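S.K.: One structure follows; several queries about it will come next.
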Amino acid sequence: MSESRGNPGARALLRLRRRRSAERARERVRERVRESANQAGSELVATPIEVVTSTAAVNGVDENLPAGIRLAGAWSWRLIVIAAAIAILVFLVIQLRLIVIPLLVAVLVSALLVPFVAFLVRHRWPKGVAVALAMVGTLVLVAGLVTLASTQIAEGTVGLSERLTQFFDGFKAFLAGSPLQLSETEINTYVQQGWEALQEDSAVFISGALSVGSTLGHLLTGLLLALFSLLFILIDGKAIWGWIVRIFPRRARAAVDGAGIAGWTTLGNFAKVQILVASIDAVGIGVGAALLGVPMAIPIGILVFLGSFIPIVGAVATGSVAIVIALIFNNWAIALAMLGVVLLVQQVEGHVLQPLIMGTAVKVHPLAVVLVVAAGALLAGIPGALFAVPVAAVLNAMTSYVAGGTWRSSPPTVPTVPTTGSVLWQTVPQSRPGYRPSGAPARTARLRPRSLLTSRLASARVTPKDSSASGAPHDSSEN
């Protein structure tokens, strides 16, 4: 003890040992407290389970129902809520059909044009020129197809009324001489009934709940809205999507953004593959009609191309037009040959193109495609049949992505809204005089220009007393 008192190093070592022993004692006390807290927490967690069990035992209803009934009831009310939400959504879509359908058309077309614009921008084209070229090229292509089809139809329908009269007279003579022995009055009655039934059945597909409208004003409004939406999607699509993502809660943004990217990729694949399939169908049926000598082969090919955007069903419906034309303008043999061409093209589409190309791009079973197209046509007419498969494919991709859970481990980068350039989708204006958003630094803490800051520091070093006496504004960023 005497040595330690006289030696400062020994006293410091003794204090260090005492401090370490005190820290070890405090750590042991903390461990005991944590153990006791964990034991108390486990007892508290176990207590509510016992209370809930005892409450369920004295309910008087649940214990008398079979487990299957309880499970079915739990599923039933949840399914009813989901069905009610879907019904409300469909009702809103129907009420806003004049906006929804042009917007869907713009999104579907933009799935093709956005990669083209991106390709031009990567090759150092100005973005405005690339967007203008995509828009003008699309309009020129559509106008050219319509003009070509109209010209060919106008040239091919010369003498159509005489041919229809001859065909109908020959058909009535065939029925009168057949074992049916139908009179002209009976034939006219049956034709009238068939025409009325065709009008009633086709009205479902032509109109539908989501039809844009038959008036010229509705068509022009829908066309302008589709072009306007397409233009802004091509110009500012990423900013629009970033604004949509930020509507959702922060925890859901990664899942929403990843699901949107997956759906957009699927939509782009569908559009590109569908154009390929439609081109093959159009070339096959159009070339077959030209080789067989069927008139209006080019309009038939264009009609088949447009109809093939309704998978499986569209090419069959438009191919039947070629068979009717061959039957009217040619003879039975040419019509049967045309029927063989249409069936051959459909077999190639159904057994080669749809499983190998469309199935890998869209990942929707062919049976589901047929059912979705039929349901869309019955519910919404031609727009429903057109958008049924892409909507089903996009929803399938989005739900699969969210259910997969990959967004938890490797979330995609949520697009940001640019602070410069287009401010269309910014929720808060940034250039209003005197405006400062919440959480922004105070006005005195804003950054000074480098030249002004340098000149003030130089003047402060040269004449500190004069600068302080002259009433120069105090800047917190300089301190």
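Identifiers in the structure tokens: chain A, B, ... in order shown; residue index from 1 per chain; ligand index from 1 in order shown.
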Show which residues sit within 6 Å of Met338 of chain A, as a list in words. Count only C-alpha atoms, and ignore same-chain residues fewer than 3 positions away.
M.R.: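 Listed by chain and then number, they are Ile323, Ala335 and Val341 of chain A.
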S.K.: Using the selection just defined, write its residues with N, CA, C and O atoms as a PDB file, in the first residue's frame.
M.R.:
ATOM      1  N   ILE A 323     -63.624 -15.963 -97.268  1.00  0.00           N
ATOM      2  CA  ILE A 323     -64.394 -17.111 -97.786  1.00  0.00           C
ATOM      3  C   ILE A 323     -65.695 -16.624 -98.429  1.00  0.00           C
ATOM      4  O   ILE A 323     -66.088 -17.099 -99.509  1.00  0.00           O
ATOM      5  N   ALA A 335     -64.074 -21.121-102.967  1.00  0.00           N
ATOM      6  CA  ALA A 335     -64.450 -20.850-101.576  1.00  0.00           C
ATOM      7  C   ALA A 335     -63.953 -21.954-100.651  1.00  0.00           C
ATOM      8  O   ALA A 335     -63.456 -21.678 -99.545  1.00  0.00           O
ATOM      9  N   VAL A 341     -57.196 -22.573 -96.811  1.00  0.00           N
ATOM     10  CA  VAL A 341     -56.089 -21.654 -96.500  1.00  0.00           C
ATOM     11  C   VAL A 341     -56.269 -21.040 -95.112  1.00  0.00           C
ATOM     12  O   VAL A 341     -55.323 -20.962 -94.315  1.00  0.00           O
TER      13      VAL A 341
END
S.K.: Write out as an MDAnalysis selection string the residues lying within 10 Å of Phe119 of chain A, counting only C-alpha atoms and excluding same-chain residues fewer than 6 positions away.
M.R.: chainID A and resid 113 125 130
S.K.: Nearest to Arg253 of chain A among A:Val321, A:Val402, A:Val105, A:Leu339, with distances taken over only C-alpha atoms: which residue is it?
M.R.: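 So, comparing all the options, the nearest one is A:Val402.
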S.K.: Give me, as a ChimeraX atom specification, all polymer residues having an atom no more than 9 Å from segment 146-152 of chain A, counting only C-alpha atoms and skipping those fewer than 3 positions away in the same chain.
M.R.: /A:141-143,155-157,296-300,302-303
S.K.: Please produce a file of those selected residues containing N, CA and C atoms, as a compact mmCIF listing (two decimals), in the first residue's frame.
M.R.:
# COMPACT_ATOMS: atom_id res chain seq x y z
N LEU A 141 -48.41 5.58 -91.32
CA LEU A 141 -48.61 4.15 -91.57
C LEU A 141 -50.09 3.78 -91.51
N VAL A 142 -50.79 4.25 -90.50
CA VAL A 142 -52.22 3.95 -90.38
C VAL A 142 -53.00 4.57 -91.53
N ALA A 143 -52.70 5.81 -91.85
CA ALA A 143 -53.40 6.47 -92.96
C ALA A 143 -53.12 5.77 -94.28
N GLU A 155 -62.31 -0.32 -105.93
CA GLU A 155 -62.11 -0.94 -107.24
C GLU A 155 -62.70 -2.34 -107.31
N GLY A 156 -62.69 -3.05 -106.21
CA GLY A 156 -63.15 -4.44 -106.25
C GLY A 156 -64.65 -4.60 -106.13
N THR A 157 -65.35 -3.60 -105.65
CA THR A 157 -66.79 -3.72 -105.47
C THR A 157 -67.58 -3.22 -106.68
N MET A 296 -59.88 -8.36 -104.16
CA MET A 296 -59.64 -7.58 -102.94
C MET A 296 -58.75 -8.34 -101.96
N ALA A 297 -57.64 -8.90 -102.48
CA ALA A 297 -56.73 -9.65 -101.61
C ALA A 297 -56.02 -8.74 -100.62
N ILE A 298 -55.65 -7.53 -101.07
CA ILE A 298 -54.96 -6.59 -100.16
C ILE A 298 -55.88 -6.13 -99.02
N PRO A 299 -57.13 -5.70 -99.29
CA PRO A 299 -58.01 -5.38 -98.15
C PRO A 299 -58.26 -6.56 -97.24
N ILE A 300 -58.31 -7.77 -97.78
CA ILE A 300 -58.48 -8.95 -96.93
C ILE A 300 -57.28 -9.10 -95.99
N ILE A 302 -55.21 -6.71 -94.96
CA ILE A 302 -55.25 -5.63 -93.95
C ILE A 302 -56.30 -5.92 -92.89
N LEU A 303 -57.47 -6.42 -93.31
CA LEU A 303 -58.52 -6.74 -92.34
C LEU A 303 -58.09 -7.87 -91.41
S.K.: Any idea what the distance is between atom CA of Val131 of chain A and atom CA of Ile235 of chain A?
M.R.: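 According to the coordinates, atom CA of Val131 of chain A and atom CA of Ile235 of chain A are separated by 7.0 Å.
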S.K.: Please indicate the distance in Å from atom CA of Leu139 of chain A to atom CA of Ile99 of chain A, rounded to one decimal place.
M.R.: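 These atoms are spaced 20.5 Å apart.
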S.K.: What lies within 8 Å of Leu225 of chain A using only C-alpha atoms, ignoring chain neighbours under 3 positions off, as a ChimeraX atom specification?
M.R.: /A:99,102-103,221-222,228-229
S.K.: Would you work out the distance separating atom CA of Val370 of chain A from atom CA of Val389 of chain A, expressed in Å to one decimal?
M.R.: 8.9 Å
S.K.: Residues at most 12 Å from Ala226 of chain A, counting only C-alpha atoms, excluding those fewer than 4 positions away in the same chain, as a list in words?
M.R.: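 So the residues in contact are Leu98, Ile99, Val100, Ile101, Pro102, Leu103, Leu104, Val105, Ala106, Val107, Leu108, Val109, Ser110, Met135, Leu219, Leu220, Thr221, Gly222, Leu230, Leu231, Phe232 and Ile233 of chain A.
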S.K.: Kindly export the residues of the current selection with C-alpha atoms, as an mmCIF file, in the first residue's frame.
M.R.:
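In the end it all went to selection_19.cif:
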data_model
loop_
_atom_site.group_PDB
_atom_site.id
_atom_site.type_symbol
_atom_site.label_atom_id
_atom_site.label_comp_id
_atom_site.auth_asym_id
_atom_site.auth_seq_id
_atom_site.Cartn_x
_atom_site.Cartn_y
_atom_site.Cartn_z
ATOM 1 C CA LEU A 98 -64.819 7.783 -73.242
ATOM 2 C CA ILE A 99 -61.591 8.444 -71.319
ATOM 3 C CA VAL A 100 -60.510 4.917 -70.382
ATOM 4 C CA ILE A 101 -60.612 3.356 -73.865
ATOM 5 C CA PRO A 102 -58.527 6.070 -75.613
ATOM 6 C CA LEU A 103 -56.080 5.918 -72.709
ATOM 7 C CA LEU A 104 -55.768 2.131 -73.078
ATOM 8 C CA VAL A 105 -55.200 2.536 -76.812
ATOM 9 C CA ALA A 106 -52.458 5.085 -76.115
ATOM 10 C CA VAL A 107 -50.777 2.809 -73.574
ATOM 11 C CA LEU A 108 -50.904 -0.165 -75.955
ATOM 12 C CA VAL A 109 -49.411 1.844 -78.827
ATOM 13 C CA SER A 110 -46.816 3.432 -76.551
ATOM 14 C CA MET A 135 -45.908 9.994 -83.881
ATOM 15 C CA LEU A 219 -64.855 9.043 -82.349
ATOM 16 C CA LEU A 220 -63.014 12.320 -82.925
ATOM 17 C CA THR A 221 -62.824 13.011 -79.194
ATOM 18 C CA GLY A 222 -61.456 9.544 -78.512
ATOM 19 C CA LEU A 230 -49.622 8.968 -76.441
ATOM 20 C CA LEU A 231 -47.640 12.175 -76.931
ATOM 21 C CA PHE A 232 -47.201 12.798 -73.207
ATOM 22 C CA ILE A 233 -46.400 9.162 -72.466
#
S.K.: Residues within 10 Å of Val369 of chain A, please, as a PyMOL selection string. Count only C-alpha atoms; anything in the same chain fewer than 2 positions from it doesn't count.
M.R.: chain A and resi 310-313+364-367+371-375+388-390+392-393
S.K.: In segment 170-409 of chain A, what's alpha helix (DSSP H) per DSSP? Answer as an MDAnalysis selection string?
M.R.: chainID A and resid 170:177 184:206 216:245 253:291 297:307 313:329 332:348 359:362 366:404 406:409
